[in-house]
Structures are given as C-alpha cells and as structure tokens.
Amino acid sequence: MKTPLKNVCVNILLLTSFSLLTAQSLAADDIEHLTSSCTACHGENGVAVVKEWPSLAGQKPGYLLAQLKAFKNGSRENVLMSGLLTNFSEQDLLKIADYYASLPFEKARSASINKAGENVRANCISCHGMTGQTINDTWPNLAGQNKEYLLQQLKDFTSNKRHSIIMNVIASELDEQQMQDVAEYYEQIGTIQ
Ligand code: HEC
Ligand code: HEC
C-alpha cells in the first residue's frame, strides 16, 4: 500500500524532533554529571553557598577555562580545588566553563556603596570595566562577587601565592584597607545597576 506523502513528512518531523530532544537531554545529563561534585560549594546555580567562595555563574568562559586548567596543572593552588580536576579532560573543562558562563548571575546593587572602594577601583576600570564586567572573554568580572573571596584573592596576588603577571603588580600597590574597600565595593555594586 502506498504511504501518503503527508504521513511520511509527519514521521520525518517526529523522528527529527525526537533525536533533537535526545541530544539535548544527553547534553544536560553530561553537564550534570560533570558538575555533580561542584554544586556542594559553588551551588546548584553557580552561586557560591559560602561567602568565602566564588560564584561561577555568568563569569567569563575563557577566564573560567584558564582557571580550571591552572587548578588542574597545579599552577593555581587551593586545598579545596587542587586534585579535584585530575580526571577531567580538556573537553570536559571546556564544557564546564561554558556551562557556568551561560548561567544567569543576578545580584541587586546594595543601598550603600563603599566610597573609598569606588576611588580605588579607578585603577581597575581599564580591565575590569566601568561596571565590574570585563569586555574581554579571558578576564574576570568582579561585579557582585563575594567580598571575602575577592579580598583573599588580592592578598594571594600580593603574596604571590596566586600568579598573574598583571595582578601581582596591581594588588601589591594596594594597602590592606584599600583591598577591603575595593572588595566590598565590587560586591555591593552587584550585577544589576
Ligand atoms: C569543597 C568546596 C569546593 C568544591 C567541591 C569545588 N570548588 Fe571550585 N573553588 C572552591 C574554592 C574555595 C575556590 C577559591 C580558590 C582560591 O581561593 O584560590 C574555588 C575556585 C574555583 C574556580 C575559580 C573561580 C574564580 O573566580 O577564579 C573555578 C572555576 C572553580 N572553583 C570550579 C570548580 C568546579 C568546576 C568544581 C567541580 C568539578 C569545583 N570548583 C568544586 C571550592 C570548591
Ligand atoms: C591591566 C589589566 C588589569 C587591571 C588594571 C586590574 N586587573 Fe584584576 N585581573 C586582571 C586579570 C587578567 C585577571 C586574571 C588573573 C589570572 O589569570 O589569574 C585579574 C583578576 C583579578 C581578581 C581575581 C578574580 C577572581 O575571580 O578570582 C581580582 C580580585 C582582581 N583582578 C581585582 C582587581 C582590582 C581590585 C583592580 C584595581 C585595583 C584590578 N584588578 C585591576 C587584569 C587587571
């Protein structure tokens, strides 16, 4: 019996959407699996559960990838992160970076803003942007990030525990008070300004 053309078309359509759906849910399973050990600290939505730890949602993908590689090869060290990524391939790290970068990060601007911190950030705008969001894919956004985390990073850059040719110099030009002020400023401005 001849199959009407209409039926063939419907079948093709159904098959195509089925395989698209399968591909999508496989990808979702994959990223869920890859990030299953991360959520305990970086949150289900990439928003850190503890204020000393960094949120990853909405962070720049190139920057995230570079940090993941640095933790993996040991050039950036942290007791909680080091060793965690040993079994991840480069492709896995790329997927993880893209995934966290794609998550929305929404934090309202605080009612009060640290004015001394606002003055310090004059030295940061050229790279971290007017609103704490970089124009460059490989440099980190600071807007809305936890101030305790930001402060610790500035101290780690100063002491050379964390290595960055640029930030080692810039951080060491700040005194402790300026670091505290600018870290607080960046948290307070949030991502919705
Ligand atoms: C036990 C808690 C913990 C777990 C689990 C964890 N992290 Fe982290 N992560 C941290 C801490 C703490 C830092 C900050 C490290 C530092 O101070 O240098 C961090 C930093 C990072 C950074 C750098 C962020 C930035 O702004 O520079 C990335 C990226 C990251 N983690 C990704 C991951 C991924 C991906 C996983 C899962 C495979 C994961 N983390 C699991 C605690 C954790
Ligand atoms: C010339 C460009 C440049 C300037 C100016 C600059 N930064 Fe950075 N900053 C960077 C780059 C690049 C990184 C990523 C470093 C790395 O690869 O680990 C970074 C990283 C950081 C981090 C770590 C973010 C994270 O998620 O871990 C903090 C905090 C930071 N900068 C604060 C500042 C502050 C505060 C100022 C101003 C006083 C400043 N930066 C000025 C380029 C710059």
# chains A, B, ... in the order shown; residues from 1 in each chain; ligands from 1
call {"tool": "closest_atom_pairs", "arguments": {"of": "chain A", "to": "ligand 2", "cutoff": "6 Å", "atoms": "only C-alpha atoms and all ligand atoms", "output": "tab-separated table"}}
result
residue	atom	partner	partner_atom_place_in_ligand_line	distance
A:Val120	CA	ligand 2	38 (C)	5.9
A:Arg121	CA	ligand 2	37 (C)	5.1
A:Asn123	CA	ligand 2	37 (C)	4.6
A:Cys124	CA	ligand 2	37 (C)	3.3
A:Ser126	CA	ligand 2	5 (C)	5.4
A:Cys127	CA	ligand 2	2 (C)	4.3
A:Trp139	CA	ligand 2	12 (C)	4.8
A:Pro140	CA	ligand 2	26 (O)	5.5
A:Leu150	CA	ligand 2	29 (C)	4.3
A:Gln153	CA	ligand 2	29 (C)	5.3
A:Leu154	CA	ligand 2	29 (C)	5.4
A:Ser164	CA	ligand 2	16 (C)	5.0
A:Ile166	CA	ligand 2	1 (C)	5.9
A:Met167	CA	ligand 2	8 (Fe)	5.4
A:Val182	CA	ligand 2	35 (C)	5.7
call {"tool": "residues_around", "arguments": {"residues": "segment 80-93 of chain A", "least_positions_apart": "3", "cutoff": "9 Å", "atoms": "only C-alpha atoms", "output": "list in words"}}
result
Ile31, Leu34, Ser37, Leu64, Leu65, Leu68, Lys69, Phe71, Lys72, Asn73, Gly74, Arg76, Glu77, Ile96, Ala97 and Asp98 of chain A
call {"tool": "write_last_selection", "arguments": {"atoms": "N, CA and C atoms", "output": "compact mmCIF listing (two decimals), in the first residue's frame"}}
result
# COMPACT_ATOMS: atom_id res chain seq x y z
N ILE A 31 26.46 17.42 31.48
CA ILE A 31 26.94 18.54 32.29
C ILE A 31 26.55 18.34 33.75
N LEU A 34 29.19 16.08 35.01
CA LEU A 34 30.49 16.76 35.12
C LEU A 34 30.54 17.71 36.31
N SER A 37 30.09 17.19 41.40
CA SER A 37 30.93 17.38 42.58
C SER A 37 31.17 18.85 42.89
N LEU A 64 37.24 31.28 33.09
CA LEU A 64 36.94 30.06 33.84
C LEU A 64 37.80 28.90 33.35
N LEU A 65 37.89 28.78 32.03
CA LEU A 65 38.68 27.68 31.46
C LEU A 65 40.14 27.78 31.90
N LEU A 68 40.42 26.68 35.50
CA LEU A 68 40.27 25.23 35.65
C LEU A 68 41.56 24.52 35.25
N LYS A 69 42.16 25.00 34.16
CA LYS A 69 43.42 24.39 33.72
C LYS A 69 44.52 24.65 34.76
N PHE A 71 44.17 25.08 38.01
CA PHE A 71 43.99 24.20 39.17
C PHE A 71 44.44 22.79 38.80
N LYS A 72 44.11 22.38 37.58
CA LYS A 72 44.45 21.01 37.18
C LYS A 72 45.96 20.81 37.10
N ASN A 73 46.67 21.80 36.53
CA ASN A 73 48.12 21.60 36.39
C ASN A 73 48.90 22.10 37.61
N GLY A 74 48.19 22.61 38.61
CA GLY A 74 48.83 22.96 39.87
C GLY A 74 49.43 24.36 39.91
N ARG A 76 47.71 27.10 39.95
CA ARG A 76 46.91 27.79 40.98
C ARG A 76 46.57 26.74 42.03
N GLU A 77 46.85 27.06 43.28
CA GLU A 77 46.65 26.06 44.33
C GLU A 77 45.60 26.49 45.33
N ILE A 96 32.46 22.61 31.07
CA ILE A 96 32.15 23.14 32.41
C ILE A 96 32.23 24.68 32.38
N ALA A 97 33.30 25.19 31.76
CA ALA A 97 33.49 26.64 31.70
C ALA A 97 32.32 27.29 30.95
N ASP A 98 31.97 26.73 29.81
CA ASP A 98 30.87 27.29 29.01
C ASP A 98 29.55 27.21 29.77
call {"tool": "select_by_dssp", "arguments": {"residues": "segment 30-112 of chain A", "states": "alpha helix (DSSP H)", "output": "MDAnalysis selection string"}}
result
chainID A and resid 30:34 39:42 61:73 90:102
call {"tool": "residues_around", "arguments": {"residues": "Cys38 of chain A", "least_positions_apart": "2", "cutoff": "12 Å", "atoms": "only C-alpha atoms", "output": "number ranges by chain"}}
result
A: 31-36, 40-49, 53-56, 80-81, 84-85, 96, 100
call {"tool": "write_last_selection", "arguments": {"atoms": "C-alpha atoms", "output": "PDB file, in the first residue's frame"}}
result
ATOM      1  CA  ILE A  31      26.936  18.544  32.287  1.00  0.00           C
ATOM      2  CA  GLU A  32      25.019  17.404  35.366  1.00  0.00           C
ATOM      3  CA  HIS A  33      27.448  14.544  35.716  1.00  0.00           C
ATOM      4  CA  LEU A  34      30.490  16.759  35.115  1.00  0.00           C
ATOM      5  CA  THR A  35      29.407  19.335  37.702  1.00  0.00           C
ATOM      6  CA  SER A  36      27.934  16.940  40.292  1.00  0.00           C
ATOM      7  CA  ALA A  40      28.261  21.407  47.099  1.00  0.00           C
ATOM      8  CA  CYS A  41      30.444  24.515  47.131  1.00  0.00           C
ATOM      9  CA  HIS A  42      29.591  26.535  44.012  1.00  0.00           C
ATOM     10  CA  GLY A  43      25.830  25.996  44.355  1.00  0.00           C
ATOM     11  CA  GLU A  44      23.237  24.405  42.067  1.00  0.00           C
ATOM     12  CA  ASN A  45      23.058  27.632  40.040  1.00  0.00           C
ATOM     13  CA  GLY A  46      26.737  28.515  40.193  1.00  0.00           C
ATOM     14  CA  VAL A  47      26.149  30.896  43.106  1.00  0.00           C
ATOM     15  CA  ALA A  48      28.529  30.064  45.960  1.00  0.00           C
ATOM     16  CA  VAL A  49      26.993  28.630  49.114  1.00  0.00           C
ATOM     17  CA  TRP A  53      33.988  31.004  47.940  1.00  0.00           C
ATOM     18  CA  PRO A  54      33.494  32.334  44.419  1.00  0.00           C
ATOM     19  CA  SER A  55      30.289  32.305  42.421  1.00  0.00           C
ATOM     20  CA  LEU A  56      30.870  30.999  38.912  1.00  0.00           C
ATOM     21  CA  LEU A  80      39.589  22.587  48.255  1.00  0.00           C
ATOM     22  CA  MET A  81      40.129  22.764  44.485  1.00  0.00           C
ATOM     23  CA  LEU A  84      39.561  17.772  42.090  1.00  0.00           C
ATOM     24  CA  LEU A  85      40.051  18.076  38.344  1.00  0.00           C
ATOM     25  CA  ILE A  96      32.150  23.145  32.408  1.00  0.00           C
ATOM     26  CA  TYR A 100      28.862  28.154  34.237  1.00  0.00           C
TER      27      TYR A 100
END
call {"tool": "closest_residue", "arguments": {"among": "A:Gly144, A:Gly129, A:Gly117, A:Gly58", "to": "Ile189 of chain A", "atoms": "only C-alpha atoms"}}
result
A:Gly144
